[in-house]
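S.K.: Here it is: the structure, laid out below.
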Amino acid sequence: MVDILLINPPIALSQWESKLGSKLSPMGLLSLASYVREKNISVKIIDAYNTGVDVRTVLGQIKVDSPVYVGITATTNMIYSAAQMAKEIKKSFPDIITIIGGSHVTALPEDTIEQFPHFDVGIYGEGEKTLFDLIVRDKIDENIDGIVFRNNGKITKTAVRDYIKNLDDLPFPAYDLLPNFPGFYRPSPNNYSRLPIAPVISSRGCPYSCSFCAQSVFGRHLRACSIDYLISLLEYMQNRYGIKEVCFFDDIFLLNKKKLYEFIEKKEKSNLDISWSCEGRADRNEERLFRDMRKAGCWQISFGLESGSQKILDYFNKKMSVDKIWQTLNSVNKANIKSRAYFIIGSPPETVQTLEDTRKLALKAPLNEILISFFTPLPGSVAYNDIFASTKIKDFSKIDTFLINYIPPNLNEEILVGFMNRVYKSFYLHPKRLIRYFFMLFNYHKTIHLINALLAFIKLTFGKRLPE
Ligand code: B12
Ligand code: SF4
C-alpha cells in the first residue's frame with residue numbers, strides 16, 4: 001500500500017505532435033514525490049504521458065498499490081485527460097481521494113473543480129508543502145492553505161500559500177521513482193548533444209510579465225537554489241545515473257550574472273563532466289559571458305524571441321528591442337554556442353508586415369533551430385484575461401500553441417499557416433541544415449528519434465490547424 005500515487009496522465013492522440021519526439025521527465029511530480037517522501041510518506045509515480053501506459057494499466061497498478069490519494073498533474077491542454085483518469089479511478093475505487101495540481105488548476109481553481117466533478121480537491125500554486133499538509137492532516141478543510149474543494153455544495157478556495165523561500169530546502173527530485181530513468185527520457189533530437197540527459201530546475205519565478213506567459217504557479221518573484229546545492233545535485237546525477245548533460249528548465253537562467261559566474265567557476269573546479277543548455281532572454285549581449293559559459297559546457301541557449309517586429313514585442317510587453325535580439329544572437333554565435341528560438345505569430349496587432357519582420361529575423365539570424373507557435377491566450381496569462389476569459393471557454397483540450405485558437409483582425413488562417421510553412425521550409429530545407437540532419441542519421445542514438453521527430457514535425461506543419 002502507498003500513501004499517494006502521482007500520475008502524469010496519458011497524452012491525447014490529437015496532441016502527440018506537441019511533443020516533437022521529446023520525452024521529458026515530469027519535474028513537478030518528481031519534486032512533489034521527493035518532498036513528501038523525505039517526510040516519511042510513501043509515494044509512487046506513473047508517467048503515462050511519456051511511457052504510453054493506458055488508463056486500464058493505471059487502474060491495475062492502483063489495485064496493486066492501493067493508494068489513499070491519487071495526485072494528477074495537468075497543464076491546460078491535459079486537463080481532460082486528467083479528468084478522464086480521475087473519473088475512471090473514482091468509478092473503480094470510490095474511496096480514493098483524487099487531487100488535481102499543476103498550471104491549469106492554478107490558473108482557474110474554482111472553474112476546474114466546478115467543471116470536473118471527479119477531482120475531489122485541487123492544489124493550486126507550488127504544490128510541495130500543500131500536498132504534505134493535506135496528507136498529514138488527512139482532512140480537507142479551510143485550514144489547509146492553497147487548496148480548492150467542494151464544501152457542502154459550494155466551492156471553497158482557501159488562502160494562498162506562501163512560496164517556498166529557500167529552494168535549498170527541497171530534496172533532490174525523485175528521479176529514482178521513474179523506472180526507466182534516465183535511458184528512456186530525452187528531448188527532441190536537436191536539443192541534446194550528449195546522453196544520458198536530464199532536466200534540472202535551479203530557480204522558480206520570473207520578474208517579467210510577458211502578456212502571453214502563464215505565470216500563476218511560480219509568480220514574479222525569482223527564487224534560486226544556491227550554487228553549492230546545484231553543484232551537489234549535478235554531482236549526484238553524474239555519480240548515481242551517469243548523467244552527461246542537463247537542460248535547465250528555469251524560466252530565465254541568464255538573469256543573475258553574479259550567480260552564473262559562481263556556477264561557472266564552481267563547476268570548473270568540480271569533477272563534473274556535464275554539458276548543458278538553458279533558456280534565456282535575448283537582452284544579455286555579453287560575448288565574454290557567453291565564452292565563459294561555453295568553456296563551462298554550455299552548448300545551446302533557447303530564446304523566447306517571439307517576433308522580429310518591435311510593435312509585436314511591445315504588445316507582448318517583452319521589454320526587449322529587435323536590435324538587442326540581433327546583438328545577443330551574434331554574440332552567442334561568436335562564442336560558439338548554438339541559439340534556438342521560439343516565435344509566436346498571430347497576436348492581435350499582427351499584420352503581413354510584422355510577419356515579414358519575423359521571417360527576416362528567423363531566416364537571417366544565426367539560429368540552430370526555430371519553433372513557431374500560434375498566439376494562444378493561456379489560462380494564467382494576461383492575454384487570457386484580456387481575450388478569452390469573458391467568453392468562458394470550456395473546451396481546454398484545444399488550447400495548444402500548435403493550433404490556431406485566435407485569428408487577428410488583419411489576417412486569416414491561410415496567411416498564418418502559409419507563413420508558418422514557408423518559414424519552416426526555408427529554414428529546415430536550407431542545405432547546411434539538411435547536411436546536419438543527414439549526418440545525424442548516422443548517430444545511432446539519434447536515428448529512430450530523428451525519424452519520429454520528423455514525422456511529428458511534418459504532421460505539425462501540414463496537419464489541421466483549426467480546432468474542431
Ligand atoms: C519544460 C516545460 C515543458 C516541456 C515538458 C516538460 C515536462 N517534463 O513536463 C515541454 C516542452 C514538452 C512542454 C510542453 C508544453 N507546455 Co510547457 N512548460 C515547461 C516549463 C518551462 C517548465 C515545466 C516544469 O517542469 N516546471 C517545474 C515544475 C516543478 O513545476 P510544475 O510542473 O508546475 O509543478 C509544480 C506545481 O504546478 C504543482 N503541481 C504540478 N502538478 C501537480 C500535481 C499534484 C497532484 C499537486 C498536488 C501539485 C502539482 O506542484 C509542483 C511543484 O511545486 C513550464 C513553465 C514553468 N515555469 O513551469 C511550461 C508550461 C508548463 N508549459 C506550458 C504549455 C502551454 C505547454 C504546451 C501546452 C505548449 C503547447 N504545445 O501548446 C505543451 C503541453 C505539455 C503537455 N503536458 O501536454 C504552460 C502551461 C500553461 C497552462 N495554462 O497550462 C507553461 C506554464 C509555460 C508558460 N509560462 O506559459 N512544456
Ligand atoms: S516569457 Fe519568459 S521572460 Fe516573459 S514572463 Fe514568461 S518566463 Fe518571464
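Ordered as shown in the C-alpha cells, chains take letters A, B, and onward, while each chain numbers its residues from 1 and ligands are numbered from 1 in the order shown.
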Counting only C-alpha atoms, what is within 6 Å of region 149-160 of chain A, bar same-chain residues fewer than 4 positions away, as a PyMOL selection string?
M.R.: chain A and resi 121+142+145
S.K.: Using only C-alpha atoms and all ligand atoms, which residues of the polymer chains come no farther than 9 Å from ligand 2? I'd like the answer as a VMD selection string.
M.R.: chain A and resid 205 to 215 220 250 to 252 279 to 281 303 to 304 306 316 to 319
S.K.: Tell me, which residues of region 280-405 of chain A carry DSSP helix (DSSP H, G or I), written as an MDAnalysis selection string?
M.R.: chainID A and resid 287:295 310:315 322:334 352:364 382:391 396:398
S.K.: What does the file look like for those residues with C-alpha atoms, as a PDB file, in the first residue's frame?
M.R.:
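To be explicit, this is the file written out as again-v9.pdb:
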ATOM      1  CA  GLU A 287      30.141  37.919 -25.568  1.00  0.00           C
ATOM      2  CA  ARG A 288      32.664  37.448 -22.761  1.00  0.00           C
ATOM      3  CA  LEU A 289      29.991  35.844 -20.562  1.00  0.00           C
ATOM      4  CA  PHE A 290      28.898  33.539 -23.393  1.00  0.00           C
ATOM      5  CA  ARG A 291      32.510  32.485 -23.998  1.00  0.00           C
ATOM      6  CA  ASP A 292      32.896  31.638 -20.318  1.00  0.00           C
ATOM      7  CA  MET A 293      29.611  29.713 -20.404  1.00  0.00           C
ATOM      8  CA  ARG A 294      30.874  27.810 -23.427  1.00  0.00           C
ATOM      9  CA  LYS A 295      34.045  26.845 -21.571  1.00  0.00           C
ATOM     10  CA  GLN A 310       9.067  45.918 -32.392  1.00  0.00           C
ATOM     11  CA  LYS A 311       5.319  46.571 -32.460  1.00  0.00           C
ATOM     12  CA  ILE A 312       4.583  42.957 -31.510  1.00  0.00           C
ATOM     13  CA  LEU A 313       7.332  42.813 -28.883  1.00  0.00           C
ATOM     14  CA  ASP A 314       5.822  45.902 -27.263  1.00  0.00           C
ATOM     15  CA  TYR A 315       2.321  44.430 -27.461  1.00  0.00           C
ATOM     16  CA  VAL A 322      14.803  43.918 -32.010  1.00  0.00           C
ATOM     17  CA  ASP A 323      18.325  45.450 -32.110  1.00  0.00           C
ATOM     18  CA  LYS A 324      19.186  43.834 -28.799  1.00  0.00           C
ATOM     19  CA  ILE A 325      17.988  40.457 -30.096  1.00  0.00           C
ATOM     20  CA  TRP A 326      20.323  40.703 -33.098  1.00  0.00           C
ATOM     21  CA  GLN A 327      23.275  41.789 -30.949  1.00  0.00           C
ATOM     22  CA  THR A 328      22.740  38.972 -28.459  1.00  0.00           C
ATOM     23  CA  LEU A 329      22.341  36.275 -31.116  1.00  0.00           C
ATOM     24  CA  ASN A 330      25.523  37.459 -32.819  1.00  0.00           C
ATOM     25  CA  SER A 331      27.456  37.398 -29.532  1.00  0.00           C
ATOM     26  CA  VAL A 332      26.185  33.905 -28.715  1.00  0.00           C
ATOM     27  CA  ASN A 333      27.192  32.750 -32.174  1.00  0.00           C
ATOM     28  CA  LYS A 334      30.706  34.229 -31.825  1.00  0.00           C
ATOM     29  CA  VAL A 352       1.574  40.884 -43.124  1.00  0.00           C
ATOM     30  CA  GLN A 353       4.355  43.425 -42.468  1.00  0.00           C
ATOM     31  CA  THR A 354       5.041  42.260 -38.899  1.00  0.00           C
ATOM     32  CA  LEU A 355       5.118  38.649 -40.125  1.00  0.00           C
ATOM     33  CA  GLU A 356       7.667  39.700 -42.714  1.00  0.00           C
ATOM     34  CA  ASP A 357       9.819  41.235 -39.951  1.00  0.00           C
ATOM     35  CA  THR A 358       9.682  37.907 -38.116  1.00  0.00           C
ATOM     36  CA  ARG A 359      10.540  35.970 -41.267  1.00  0.00           C
ATOM     37  CA  LYS A 360      13.683  38.066 -41.760  1.00  0.00           C
ATOM     38  CA  LEU A 361      14.815  37.531 -38.182  1.00  0.00           C
ATOM     39  CA  ALA A 362      14.117  33.784 -38.265  1.00  0.00           C
ATOM     40  CA  LEU A 363      15.914  33.203 -41.556  1.00  0.00           C
ATOM     41  CA  LYS A 364      18.816  35.640 -41.293  1.00  0.00           C
ATOM     42  CA  VAL A 382      -2.633  38.418 -19.105  1.00  0.00           C
ATOM     43  CA  ALA A 383      -3.724  37.605 -22.669  1.00  0.00           C
ATOM     44  CA  TYR A 384      -6.262  35.063 -21.391  1.00  0.00           C
ATOM     45  CA  ASN A 385      -7.885  37.636 -19.149  1.00  0.00           C
ATOM     46  CA  ASP A 386      -7.889  40.197 -21.977  1.00  0.00           C
ATOM     47  CA  ILE A 387      -9.198  37.942 -24.715  1.00  0.00           C
ATOM     48  CA  PHE A 388     -10.706  34.653 -23.598  1.00  0.00           C
ATOM     49  CA  ALA A 389     -11.879  34.951 -20.020  1.00  0.00           C
ATOM     50  CA  SER A 390     -15.100  36.753 -20.934  1.00  0.00           C
ATOM     51  CA  THR A 391     -16.034  34.051 -23.455  1.00  0.00           C
ATOM     52  CA  PHE A 396      -9.500  23.444 -22.995  1.00  0.00           C
ATOM     53  CA  SER A 397      -8.256  20.415 -24.924  1.00  0.00           C
ATOM     54  CA  LYS A 398      -7.739  22.660 -27.957  1.00  0.00           C
TER      55      LYS A 398
END
S.K.: For the interface of chain A with ligand 1 (cut-off 6 Å, counting only C-alpha atoms and all ligand atoms), please tabulate each contacting residue of chain A alongside its nearest pair of atoms and their separation in Å to one decimal, rows sorted by chain and increasing number, as a tab-separated table.
M.R.:
residue	atom	partner	partner_atom_place_in_ligand_line	distance
A:Ser18	CA	ligand 1	71 (N)	4.6
A:Lys19	CA	ligand 1	12 (C)	5.5
A:Leu24	CA	ligand 1	8 (N)	4.3
A:Ser25	CA	ligand 1	8 (N)	4.5
A:Pro26	CA	ligand 1	8 (N)	3.8
A:Met27	CA	ligand 1	25 (O)	4.4
A:Gly28	CA	ligand 1	34 (O)	3.5
A:Leu29	CA	ligand 1	41 (N)	5.9
A:Ser31	CA	ligand 1	52 (C)	5.8
A:Leu32	CA	ligand 1	52 (C)	5.7
A:Gly71	CA	ligand 1	45 (C)	3.4
A:Ile72	CA	ligand 1	45 (C)	4.5
A:Thr73	CA	ligand 1	41 (N)	3.8
A:Thr75	CA	ligand 1	84 (O)	3.5
A:Thr76	CA	ligand 1	84 (O)	3.8
A:Asn77	CA	ligand 1	68 (C)	5.6
A:Met78	CA	ligand 1	78 (O)	5.5
A:Ile99	CA	ligand 1	45 (C)	5.3
A:Ile100	CA	ligand 1	45 (C)	5.0
A:Gly101	CA	ligand 1	43 (C)	3.6
A:Gly102	CA	ligand 1	40 (C)	3.3
A:Ser103	CA	ligand 1	84 (O)	4.5
A:His104	CA	ligand 1	84 (O)	4.6
A:Ile123	CA	ligand 1	47 (C)	5.1
A:Gly125	CA	ligand 1	36 (C)	5.6
A:Glu126	CA	ligand 1	53 (O)	3.5
A:Gly127	CA	ligand 1	50 (O)	3.4
A:Glu128	CA	ligand 1	53 (O)	5.4
A:Leu131	CA	ligand 1	47 (C)	5.1
A:Cys213	CA	ligand 1	90 (O)	4.1
A:Ala214	CA	ligand 1	90 (O)	3.7
A:Gln215	CA	ligand 1	89 (N)	5.2
A:Val217	CA	ligand 1	37 (O)	5.5
A:Phe249	CA	ligand 1	21 (C)	5.4
A:Asp251	CA	ligand 1	57 (N)	5.4
A:Leu378	CA	ligand 1	83 (N)	4.8
A:Pro379	CA	ligand 1	83 (N)	4.4
A:Gly380	CA	ligand 1	83 (N)	5.6
A:Asp400	CA	ligand 1	72 (O)	3.5
A:Thr401	CA	ligand 1	72 (O)	3.5
A:Phe402	CA	ligand 1	72 (O)	5.5
S.K.: Save out the residues we just selected, N, CA and C atoms, as a compact mmCIF listing (two decimals), in the first residue's frame.
M.R.:
# COMPACT_ATOMS: atom_id res chain seq x y z
N SER A 18 2.59 17.73 -30.34
CA SER A 18 3.14 18.76 -29.46
C SER A 18 4.49 18.34 -28.91
N LYS A 19 4.69 17.04 -28.86
CA LYS A 19 5.91 16.58 -28.19
C LYS A 19 7.14 16.58 -29.08
N LEU A 24 10.28 14.08 -21.69
CA LEU A 24 10.99 14.77 -20.60
C LEU A 24 10.40 14.36 -19.26
N SER A 25 11.25 14.08 -18.30
CA SER A 25 10.72 13.60 -17.03
C SER A 25 9.85 14.68 -16.37
N PRO A 26 8.75 14.25 -15.74
CA PRO A 26 7.79 15.21 -15.17
C PRO A 26 8.34 15.86 -13.89
N MET A 27 8.95 17.03 -14.04
CA MET A 27 9.69 17.63 -12.93
C MET A 27 8.80 18.00 -11.74
N GLY A 28 7.56 18.41 -12.04
CA GLY A 28 6.67 18.77 -10.94
C GLY A 28 6.43 17.55 -10.03
N LEU A 29 6.11 16.41 -10.65
CA LEU A 29 5.83 15.20 -9.85
C LEU A 29 7.08 14.72 -9.11
N SER A 31 9.45 16.53 -7.95
CA SER A 31 9.70 17.40 -6.81
C SER A 31 8.71 17.12 -5.68
N LEU A 32 7.44 16.95 -6.04
CA LEU A 32 6.42 16.63 -5.02
C LEU A 32 6.77 15.32 -4.32
N GLY A 71 -2.72 11.75 -7.01
CA GLY A 71 -2.49 13.14 -7.42
C GLY A 71 -2.17 13.18 -8.90
N ILE A 72 -2.91 14.00 -9.63
CA ILE A 72 -2.73 14.05 -11.09
C ILE A 72 -2.24 15.46 -11.46
N THR A 73 -1.31 15.52 -12.40
CA THR A 73 -0.81 16.82 -12.84
C THR A 73 -1.42 17.17 -14.20
N THR A 75 -1.36 20.48 -17.33
CA THR A 75 -1.38 21.80 -17.94
C THR A 75 -2.77 21.93 -18.58
N THR A 76 -3.09 23.10 -19.12
CA THR A 76 -4.45 23.31 -19.63
C THR A 76 -4.85 22.27 -20.67
N ASN A 77 -3.98 21.99 -21.63
CA ASN A 77 -4.37 21.07 -22.71
C ASN A 77 -4.51 19.63 -22.21
N MET A 78 -4.01 19.34 -21.02
CA MET A 78 -4.08 17.98 -20.49
C MET A 78 -5.21 17.79 -19.48
N ILE A 99 -6.69 14.19 -6.37
CA ILE A 99 -6.17 15.56 -6.26
C ILE A 99 -5.68 16.01 -7.63
N ILE A 100 -6.05 17.22 -8.02
CA ILE A 100 -5.51 17.75 -9.28
C ILE A 100 -4.56 18.91 -8.93
N GLY A 101 -3.39 18.92 -9.60
CA GLY A 101 -2.43 20.02 -9.40
C GLY A 101 -1.86 20.44 -10.74
N GLY A 102 -1.06 21.49 -10.75
CA GLY A 102 -0.41 21.92 -11.99
C GLY A 102 -0.93 23.26 -12.48
N SER A 103 -0.47 23.66 -13.68
CA SER A 103 -0.72 25.04 -14.09
C SER A 103 -2.18 25.33 -14.43
N HIS A 104 -2.97 24.32 -14.84
CA HIS A 104 -4.36 24.65 -15.18
C HIS A 104 -5.19 24.97 -13.95
N ILE A 123 -5.05 21.42 -5.84
CA ILE A 123 -3.98 22.13 -5.12
C ILE A 123 -3.44 23.15 -6.10
N GLY A 125 -1.00 26.49 -7.19
CA GLY A 125 0.32 27.07 -6.86
C GLY A 125 1.35 25.98 -6.64
N GLU A 126 2.44 26.40 -6.02
CA GLU A 126 3.52 25.46 -5.71
C GLU A 126 2.96 24.35 -4.82
N GLY A 127 3.24 23.09 -5.17
CA GLY A 127 2.46 22.03 -4.53
C GLY A 127 3.08 21.32 -3.34
N GLU A 128 4.40 21.42 -3.14
CA GLU A 128 5.06 20.52 -2.18
C GLU A 128 4.46 20.61 -0.78
N LEU A 131 0.65 19.72 -0.49
CA LEU A 131 0.36 18.28 -0.59
C LEU A 131 0.69 17.58 0.73
N CYS A 213 2.40 34.76 -21.33
CA CYS A 213 3.03 33.74 -20.49
C CYS A 213 2.19 33.44 -19.25
N ALA A 214 1.93 32.16 -18.99
CA ALA A 214 1.14 31.77 -17.82
C ALA A 214 2.08 31.67 -16.62
N GLN A 215 1.96 32.63 -15.73
CA GLN A 215 2.93 32.70 -14.63
C GLN A 215 2.35 32.34 -13.28
N VAL A 217 1.86 29.65 -11.44
CA VAL A 217 2.39 28.68 -10.47
C VAL A 217 3.52 29.29 -9.62
N PHE A 249 15.56 24.02 -17.08
CA PHE A 249 14.21 24.48 -17.43
C PHE A 249 13.83 25.77 -16.72
N ASP A 251 12.92 29.46 -16.00
CA ASP A 251 12.32 30.39 -16.96
C ASP A 251 13.39 31.29 -17.57
N LEU A 378 -3.34 31.62 -22.94
CA LEU A 378 -3.31 30.52 -21.97
C LEU A 378 -3.88 30.95 -20.63
N PRO A 379 -4.74 30.13 -20.02
CA PRO A 379 -5.17 30.47 -18.67
C PRO A 379 -3.95 30.73 -17.79
N GLY A 380 -4.00 31.80 -17.00
CA GLY A 380 -2.85 32.16 -16.17
C GLY A 380 -2.05 33.29 -16.79
N ASP A 400 -3.79 24.67 -27.39
CA ASP A 400 -2.47 24.16 -27.69
C ASP A 400 -1.83 25.19 -28.60
N THR A 401 -0.60 25.54 -28.32
CA THR A 401 0.02 26.63 -29.09
C THR A 401 0.36 26.20 -30.52
N PHE A 402 0.15 24.90 -30.84
CA PHE A 402 0.36 24.46 -32.22
C PHE A 402 -0.95 24.47 -33.01
S.K.: Could you pull the residues within 9 Å of Lys87 (chain A), counting only C-alpha atoms, minus those fewer than 2 positions along the same chain, as a list of chain:residue names?
M.R.: A:Ala82, A:Ala83, A:Gln84, A:Met85, A:Ile89, A:Lys90, A:Lys91, A:Ser92, A:Phe116, A:Pro117, A:His118, A:Phe119
S.K.: What gap, in Å, lies between CA of Tyr35 (chain A) and CA of Arg223 (chain A)?
M.R.: 17.5 Å
